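Trainee: Got a file for you: final13.pdb, PDB, C-alpha atoms.
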```
ATOM      1  CA  MET A1179      23.060  97.737  87.885
ATOM      2  CA  LEU A1180      21.983 100.965  89.630
ATOM      3  CA  VAL A1181      21.676  99.071  92.935
ATOM      4  CA  ASN A1182      25.259  97.816  92.611
ATOM      5  CA  LEU A1183      26.573 101.285  91.702
ATOM      6  CA  PHE A1184      25.025 102.937  94.781
ATOM      7  CA  SER A1185      25.522 100.057  97.214
ATOM      8  CA  SER A1186      28.566  98.699  99.015
ATOM      9  CA  ASP A1187      27.424  95.172  98.134
ATOM     10  CA  THR A1188      28.307  94.634  94.487
ATOM     11  CA  SER A1189      27.617  90.898  94.392
ATOM     12  CA  ILE A1190      25.120  89.363  91.963
ATOM     13  CA  SER A1191      23.732  85.854  91.689
ATOM     14  CA  PHE A1192      24.395  83.577  88.716
ATOM     15  CA  ALA A1193      20.747  83.851  87.615
ATOM     16  CA  GLY A1194      20.776  87.590  88.215
ATOM     17  CA  CYS A1195      23.871  87.963  86.042
ATOM     18  CA  ALA A1196      22.239  85.926  83.272
ATOM     19  CA  ALA A1197      19.076  88.052  83.483
ATOM     20  CA  GLN A1198      21.105  91.268  83.445
ATOM     21  CA  MET A1199      23.012  90.165  80.347
ATOM     22  CA  TYR A1200      19.811  89.029  78.632
ATOM     23  CA  PHE A1201      18.002  92.345  79.088
ATOM     24  CA  PHE A1202      21.080  94.387  78.177
ATOM     25  CA  LEU A1203      21.608  92.416  74.965
ATOM     26  CA  PHE A1204      17.872  92.278  74.270
ATOM     27  CA  PHE A1205      17.491  96.052  74.263
ATOM     28  CA  GLY A1206      20.719  96.442  72.270
ATOM     29  CA  ALA A1207      19.713  93.887  69.620
ATOM     30  CA  THR A1208      16.217  95.368  69.434
ATOM     31  CA  GLU A1209      17.676  98.822  68.869
ATOM     32  CA  CYS A1210      19.778  97.407  66.007
ATOM     33  CA  CYS A1211      16.604  96.115  64.375
ATOM     34  CA  LEU A1212      14.672  99.307  65.122
ATOM     35  CA  LEU A1213      17.395 101.443  63.526
ATOM     36  CA  ALA A1214      17.143  99.271  60.408
ATOM     37  CA  ALA A1215      13.357  99.637  60.480
ATOM     38  CA  MET A1216      13.710 103.423  60.799
ATOM     39  CA  ALA A1217      16.099 103.466  57.827
ATOM     40  CA  TYR A1218      13.489 101.601  55.791
ATOM     41  CA  ASP A1219      10.879 104.105  57.017
ATOM     42  CA  CYS A1220      13.087 106.977  55.794
ATOM     43  CA  TYR A1221      13.478 105.218  52.462
ATOM     44  CA  GLN A1222       9.706 104.877  52.060
ATOM     45  CA  ALA A1223       9.098 108.497  53.103
ATOM     46  CA  ILE A1224      11.582 109.887  50.566
ATOM     47  CA  CYS A1225      11.426 107.406  47.671
ATOM     48  CA  ASN A1226       7.750 106.350  47.829
ATOM     49  CA  PRO A1227       5.912 109.215  49.562
ATOM     50  CA  LEU A1228       2.416 108.330  48.271
ATOM     51  CA  HIS A1229       2.715 104.679  49.280
ATOM     52  CA  TYR A1230       4.227 105.792  52.620
ATOM     53  CA  MET A1231       1.217 107.965  53.493
ATOM     54  CA  ASP A1232      -1.225 105.135  52.777
ATOM     55  CA  ASN A1233       0.454 102.390  54.831
ATOM     56  CA  ASN A1234       2.574 104.281  57.345
ATOM     57  CA  LYS A1235       0.895 103.320  60.651
ATOM     58  CA  LYS A1236       0.347  99.648  59.824
ATOM     59  CA  VAL A1237       3.851  99.103  58.456
ATOM     60  CA  CYS A1238       5.475 100.906  61.401
ATOM     61  CA  MET A1239       3.644  98.670  63.886
ATOM     62  CA  GLN A1240       4.701  95.553  61.980
ATOM     63  CA  LEU A1241       8.338  96.679  61.813
ATOM     64  CA  ALA A1242       8.419  97.530  65.516
ATOM     65  CA  ALA A1243       6.860  94.194  66.512
ATOM     66  CA  SER A1244       9.271  92.301  64.260
ATOM     67  CA  SER A1245      12.230  94.130  65.821
ATOM     68  CA  TRP A1246      11.215  93.155  69.370
ATOM     69  CA  ILE A1247      10.532  89.523  68.413
ATOM     70  CA  CYS A1248      13.784  89.166  66.474
ATOM     71  CA  GLY A1249      15.816  90.765  69.272
ATOM     72  CA  ASN A1250      14.266  88.441  71.851
ATOM     73  CA  LEU A1251      14.833  85.230  69.873
ATOM     74  CA  VAL A1252      18.461  85.968  68.997
ATOM     75  CA  VAL A1253      19.482  87.158  72.457
ATOM     76  CA  LEU A1254      17.684  84.351  74.297
ATOM     77  CA  GLY A1255      19.745  81.766  72.427
ATOM     78  CA  HIS A1256      22.935  83.798  72.827
ATOM     79  CA  THR A1257      22.542  84.222  76.601
ATOM     80  CA  THR A1258      21.519  80.592  77.121
ATOM     81  CA  PHE A1259      24.613  79.411  75.244
ATOM     82  CA  ILE A1260      27.014  81.616  77.246
ATOM     83  CA  PHE A1261      25.640  80.622  80.657
ATOM     84  CA  SER A1262      25.610  76.922  79.753
ATOM     85  CA  LEU A1263      29.419  77.043  79.476
ATOM     86  CA  PRO A1264      31.578  75.798  82.378
ATOM     87  CA  PHE A1265      33.068  78.531  84.563
ATOM     88  CA  CYS A1266      36.321  77.625  86.280
ATOM     89  CA  ALA A1267      38.042  80.956  86.825
ATOM     90  CA  SER A1268      37.449  83.561  89.522
ATOM     91  CA  ASN A1269      33.882  84.656  90.199
ATOM     92  CA  MET A1270      34.922  88.328  90.138
ATOM     93  CA  ILE A1271      33.599  90.192  87.088
ATOM     94  CA  ASN A1272      35.852  93.108  86.185
ATOM     95  CA  HIS A1273      33.079  95.362  84.895
ATOM     96  CA  PHE A1274      30.128  97.572  85.857
ATOM     97  CA  PHE A1275      27.645  94.859  84.886
ATOM     98  CA  CYS A1276      27.451  91.372  83.322
ATOM     99  CA  GLU A1277      28.757  92.182  79.857
ATOM    100  CA  ILE A1278      29.694  89.406  77.396
ATOM    101  CA  GLN A1279      33.477  89.856  77.332
ATOM    102  CA  PRO A1280      34.101  90.028  81.118
ATOM    103  CA  VAL A1281      31.892  86.958  81.625
ATOM    104  CA  LEU A1282      33.689  85.009  78.887
ATOM    105  CA  VAL A1283      37.000  85.721  80.632
ATOM    106  CA  LEU A1284      35.738  83.498  83.474
ATOM    107  CA  VAL A1285      34.939  80.592  81.143
ATOM    108  CA  CYS A1286      37.316  77.627  81.066
ATOM    109  CA  SER A1287      39.761  78.025  78.195
ATOM    110  CA  ASP A1288      39.141  76.102  74.968
ATOM    111  CA  THR A1289      35.677  74.964  76.078
ATOM    112  CA  TYR A1290      33.651  77.052  73.655
ATOM    113  CA  ASN A1291      33.743  78.114  70.050
ATOM    114  CA  GLU A1292      34.801  81.764  70.111
ATOM    115  CA  LEU A1293      34.043  82.078  66.408
ATOM    116  CA  GLN A1294      30.428  81.096  67.077
ATOM    117  CA  ILE A1295      29.968  83.975  69.522
ATOM    118  CA  ILE A1296      31.657  86.471  67.187
ATOM    119  CA  LEU A1297      29.521  85.334  64.243
ATOM    120  CA  SER A1298      26.377  85.570  66.354
ATOM    121  CA  ALA A1299      27.271  89.137  67.384
ATOM    122  CA  ALA A1300      28.155  89.970  63.787
ATOM    123  CA  PHE A1301      24.767  88.684  62.619
ATOM    124  CA  VAL A1302      22.867  90.773  65.186
ATOM    125  CA  ILE A1303      24.893  93.919  64.492
ATOM    126  CA  LEU A1304      25.891  93.732  60.833
ATOM    127  CA  MET A1305      22.709  92.361  59.239
ATOM    128  CA  PRO A1306      20.602  95.378  60.333
ATOM    129  CA  PHE A1307      23.549  97.625  59.459
ATOM    130  CA  LEU A1308      23.614  96.147  55.957
ATOM    131  CA  LEU A1309      19.903  96.915  55.589
ATOM    132  CA  ILE A1310      20.612 100.477  56.741
ATOM    133  CA  LEU A1311      23.355 100.856  54.120
ATOM    134  CA  VAL A1312      21.068  99.540  51.370
ATOM    135  CA  SER A1313      18.259 101.882  52.446
ATOM    136  CA  TYR A1314      20.549 104.909  52.492
ATOM    137  CA  GLY A1315      22.085 103.940  49.169
ATOM    138  CA  LEU A1316      18.614 104.100  47.629
ATOM    139  CA  ILE A1317      17.835 107.312  49.535
ATOM    140  CA  ILE A1318      21.000 109.053  48.295
ATOM    141  CA  SER A1319      20.265 107.908  44.761
ATOM    142  CA  SER A1320      16.756 109.372  45.047
ATOM    143  CA  ILE A1321      17.982 112.642  46.623
ATOM    144  CA  CYS A1322      20.503 113.149  43.807
ATOM    145  CA  LYS A1323      17.619 113.146  41.332
ATOM    146  CA  ILE A1324      15.960 116.116  43.076
ATOM    147  CA  ARG A1325      16.752 119.243  41.076
ATOM    148  CA  SER A1326      16.343 121.996  43.656
ATOM    149  CA  ALA A1327      18.934 122.475  46.403
ATOM    150  CA  LYS A1328      16.145 123.243  48.873
ATOM    151  CA  GLY A1329      14.412 119.966  48.069
ATOM    152  CA  ARG A1330      17.643 117.992  48.512
ATOM    153  CA  TYR A1331      18.323 119.707  51.830
ATOM    154  CA  LYS A1332      14.815 119.005  53.087
ATOM    155  CA  ALA A1333      15.047 115.339  52.086
ATOM    156  CA  PHE A1334      18.456 114.893  53.698
ATOM    157  CA  SER A1335      17.435 116.689  56.914
ATOM    158  CA  THR A1336      14.727 114.045  57.359
ATOM    159  CA  CYS A1337      17.467 111.425  57.813
ATOM    160  CA  PHE A1338      20.110 113.462  59.653
ATOM    161  CA  SER A1339      19.002 112.591  63.197
ATOM    162  CA  HIS A1340      18.785 108.898  62.364
ATOM    163  CA  LEU A1341      22.234 108.910  60.729
ATOM    164  CA  THR A1342      23.743 110.535  63.819
ATOM    165  CA  VAL A1343      22.254 107.912  66.144
ATOM    166  CA  VAL A1344      23.345 105.075  63.834
ATOM    167  CA  THR A1345      26.924 106.415  63.844
ATOM    168  CA  LEU A1346      27.057 106.657  67.659
ATOM    169  CA  PHE A1347      25.393 103.295  68.241
ATOM    170  CA  TYR A1348      27.202 101.180  65.670
ATOM    171  CA  GLY A1349      30.570 102.858  66.159
ATOM    172  CA  THR A1350      30.833 101.556  69.725
ATOM    173  CA  ALA A1351      28.885  98.303  69.217
ATOM    174  CA  VAL A1352      31.089  97.049  66.374
ATOM    175  CA  PHE A1353      34.284  97.845  68.298
ATOM    176  CA  ILE A1354      33.057  96.100  71.472
ATOM    177  CA  TYR A1355      31.480  92.917  70.143
ATOM    178  CA  ILE A1356      33.102  91.979  66.835
ATOM    179  CA  ARG A1357      36.597  91.277  68.123
ATOM    180  CA  PRO A1358      38.511  88.151  69.161
ATOM    181  CA  LYS A1359      38.954  87.508  72.880
ATOM    182  CA  SER A1360      42.725  88.070  72.646
ATOM    183  CA  SER A1361      42.218  91.753  71.762
ATOM    184  CA  TYR A1362      39.998  92.582  74.751
ATOM    185  CA  SER A1363      41.050  95.432  77.007
ATOM    186  CA  LEU A1364      38.669  95.482  79.949
ATOM    187  CA  ASP A1365      39.634  99.005  81.037
ATOM    188  CA  VAL A1366      38.902 100.380  77.552
ATOM    189  CA  ASP A1367      35.755  98.266  77.233
ATOM    190  CA  LYS A1368      34.428  99.671  80.515
ATOM    191  CA  VAL A1369      34.526 103.204  79.117
ATOM    192  CA  LEU A1370      33.020 102.134  75.785
ATOM    193  CA  SER A1371      30.267 100.136  77.493
ATOM    194  CA  LEU A1372      29.427 103.119  79.681
ATOM    195  CA  PHE A1373      29.223 105.319  76.577
ATOM    196  CA  TYR A1374      27.226 102.667  74.705
ATOM    197  CA  SER A1375      24.751 101.901  77.502
ATOM    198  CA  VAL A1376      24.352 105.297  79.209
ATOM    199  CA  VAL A1377      25.594 108.233  77.120
ATOM    200  CA  THR A1378      24.095 107.191  73.760
ATOM    201  CA  PRO A1379      20.554 106.568  75.148
ATOM    202  CA  ILE A1380      20.693 109.964  76.886
ATOM    203  CA  LEU A1381      21.735 111.675  73.643
ATOM    204  CA  ASN A1382      19.081 109.926  71.521
ATOM    205  CA  PRO A1383      16.068 112.055  72.567
ATOM    206  CA  VAL A1384      18.195 115.209  72.331
ATOM    207  CA  ILE A1385      19.313 114.342  68.789
ATOM    208  CA  TYR A1386      15.820 113.449  67.585
ATOM    209  CA  SER A1387      14.215 116.498  69.205
ATOM    210  CA  LEU A1388      16.571 118.938  67.434
ATOM    211  CA  ARG A1389      14.297 118.735  64.378
ATOM    212  CA  ASN A1390      11.373 119.979  66.471
ATOM    213  CA  ARG A1391      10.649 123.674  65.849
ATOM    214  CA  GLU A1392       9.662 124.316  69.464
ATOM    215  CA  VAL A1393      12.912 122.812  70.736
ATOM    216  CA  LYS A1394      14.897 124.871  68.209
ATOM    217  CA  GLY A1395      13.062 127.988  69.346
ATOM    218  CA  ALA A1396      13.739 127.245  73.014
ATOM    219  CA  LEU A1397      17.453 126.667  72.335
ATOM    220  CA  PHE A1398      17.623 129.898  70.325
ATOM    221  CA  ASN A1399      15.990 131.868  73.166
ATOM    222  CA  MET A1400      18.304 130.275  75.740
ATOM    223  CA  ARG A1401      21.327 131.196  73.644
ATOM    224  CA  ASN A1402      20.142 134.812  73.388
ATOM    225  CA  LYS A1403      19.643 134.998  77.158
ATOM    226  CA  LEU A1404      23.129 133.613  77.802
ATOM    227  CA  PHE A1405      25.072 135.704  75.295
ATOM    228  CA  HIS A1406      22.802 138.768  74.966
ATOM    229  CA  PRO A1407      21.159 139.187  78.404
ATOM    230  CA  ASN A1408      20.299 142.882  77.911
ATOM    231  CA  SER A1409      18.820 142.620  74.412
TER
END
```
Produce structure tokens that represent the structure in this file.
Mentor:
Amino acid sequence: MLVNLFSSDTSISFAGCAAQMYFFLFFGATECCLLAAMAYDCYQAICNPLHYMDNNKKVCMQLAASSWICGNLVVLGHTTFIFSLPFCASNMINHFFCEIQPVLVLVCSDTYNELQIILSAAFVILMPFLLILVSYGLIISSICKIRSAKGRYKAFSTCFSHLTVVTLFYGTAVFIYIRPKSSYSLDVDKVLSLFYSVVTPILNPVIYSLRNREVKGALFNMRNKLFHPNS
């Protein structure tokens, strides 16, 4: 993708396009699963702190491994199905990279089950999201039982970074993938895909690091230097 952006030759082979789509979807699907795993981790940390301390490392490794395996299996079948379809339209992809919707535009009409692709995307996106909702439902219920305002704030601040990333990630993913083909707008999807694939990953480390005291201190000092240079 970077080669095509900085090169005058923007062509890509059929196999290269399939590989590009696979890795893009693989990392996206894996992040869906990882966000669900992180929600479960937050639930354990807040609702079962003693059990969390005893099994934290082992459970985290199992959840991470399961996320990568699940993402690989789902996306491998999804990509194989799409590139086994007959292509009879132009070979020009109106996008920055081999995304699902622009590739499906090139597929012969009425030769594939659009509902199957939508349901597959819904499974990858919504199943982890459902687990996230269940986890946060239990977390909120547990936080409401904490009597002190300071304790509730501390418990909620543990999840704030994760909630922000979930909102950014799922907000664009649901809009892009869980729609019928007739509602596609490639110009709009280009902007959303750029936000989804470039902007959100760049913001992720910034969002998660805001809880770090050293980062907070550095930002505070930078603000003082900018607005109060003589103090």
Trainee: Please build the interface table for segment 1292-1372 of chain A against segment 1196-1220 of chain A with a cut-off of 12 Å, listing for each qualifying residue the nearest atom pair and the distance in Å to one decimal; count only C-alpha atoms, order rows by chain and increasing number, and write it as a tab-separated table.
Mentor:
```
residue	atom	partner	partner_atom	distance
A:Ser1298	CA	A:Ala1207	CA	11.1
A:Ala1299	CA	A:Ala1207	CA	9.2
A:Ala1300	CA	A:Ala1207	CA	11.0
A:Phe1301	CA	A:Ala1207	CA	10.1
A:Val1302	CA	A:Ala1207	CA	6.3
A:Ile1303	CA	A:Cys1210	CA	6.4
A:Leu1304	CA	A:Cys1210	CA	8.8
A:Met1305	CA	A:Cys1211	CA	8.8
A:Pro1306	CA	A:Ala1214	CA	5.2
A:Phe1307	CA	A:Ala1214	CA	6.7
A:Leu1308	CA	A:Ala1214	CA	8.5
A:Leu1309	CA	A:Ala1214	CA	6.0
A:Ile1310	CA	A:Ala1214	CA	5.2
A:Leu1311	CA	A:Ala1217	CA	8.6
A:Val1312	CA	A:Tyr1218	CA	9.0
A:Ser1313	CA	A:Tyr1218	CA	5.8
A:Tyr1314	CA	A:Ala1217	CA	7.1
A:Gly1315	CA	A:Ala1217	CA	10.5
A:Leu1316	CA	A:Tyr1218	CA	10.0
A:Ile1317	CA	A:Cys1220	CA	7.9
A:Ile1318	CA	A:Cys1220	CA	11.1
A:Ser1320	CA	A:Cys1220	CA	11.6
A:Ile1321	CA	A:Cys1220	CA	11.8
A:Ala1333	CA	A:Cys1220	CA	9.4
A:Phe1334	CA	A:Cys1220	CA	9.8
A:Ser1335	CA	A:Cys1220	CA	10.7
A:Thr1336	CA	A:Cys1220	CA	7.4
A:Cys1337	CA	A:Cys1220	CA	6.6
A:Phe1338	CA	A:Cys1220	CA	10.3
A:Ser1339	CA	A:Met1216	CA	10.9
A:His1340	CA	A:Ala1217	CA	7.6
A:Leu1341	CA	A:Ala1217	CA	8.7
A:Thr1342	CA	A:Leu1213	CA	11.1
A:Val1343	CA	A:Leu1213	CA	8.5
A:Val1344	CA	A:Leu1213	CA	7.0
A:Thr1345	CA	A:Leu1213	CA	10.8
A:Leu1346	CA	A:Leu1213	CA	11.7
A:Phe1347	CA	A:Cys1210	CA	8.4
A:Tyr1348	CA	A:Cys1210	CA	8.3
A:Thr1350	CA	A:Gly1206	CA	11.6
A:Ala1351	CA	A:Gly1206	CA	8.9
A:Val1352	CA	A:Cys1210	CA	11.3
A:Tyr1355	CA	A:Leu1203	CA	11.0
A:Ser1371	CA	A:Phe1202	CA	10.9
```
Trainee: Could you check how far atom CA of Gly1349 of chain A sits from atom CA of Leu1297 of chain A, in Å to one decimal?
Mentor: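 For atom CA of Gly1349 of chain A relative to atom CA of Leu1297 of chain A, the distance reads 17.7 Å.
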Trainee: Take atom CA of Leu1372 of chain A and atom CA of Phe1275 of chain A and report the distance between them in Å, one decimal.
Mentor: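 Distance between the two atoms: 9.9 Å.
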Trainee: So what do you get for atom CA of Leu1241 of chain A versus atom CA of Lys1332 of chain A, distance-wise?
Mentor: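 Spanning atom CA of Leu1241 of chain A to atom CA of Lys1332 of chain A is a straight-line distance of 24.8 Å.
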Trainee: Given the PyMOL selection byres ((chain A and resi 1284) around 8) and the file above, list the residues it selects as a list in words.
Mentor: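 Applying the PyMOL selection byres ((chain A and resi 1284) around 8) to the structure shown produces Phe1265, Cys1266, Ala1267, Ser1268, Asn1269, Ile1271, Pro1280, Val1281, Leu1282, Val1283, Val1285 and Cys1286 of chain A.
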Trainee: I need the residue nearest Leu1370 of chain A from this list: A:Ile1354, A:Met1270, A:Ile1260, A:Ile1224. Use all atoms listed in the file for the distance.
Mentor: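 Looking only at the distances to Leu1370 of chain A, the closest residue turns out to be A:Ile1354.
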Trainee: Have a look at A:Ile1190, A:Ile1278, A:Val1384, A:Ala1242 and name the one nearest to Phe1261 of chain A; count all atoms listed in the file.
Mentor: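 Closest to Phe1261 of chain A, using all atoms listed in the file: A:Ile1278.
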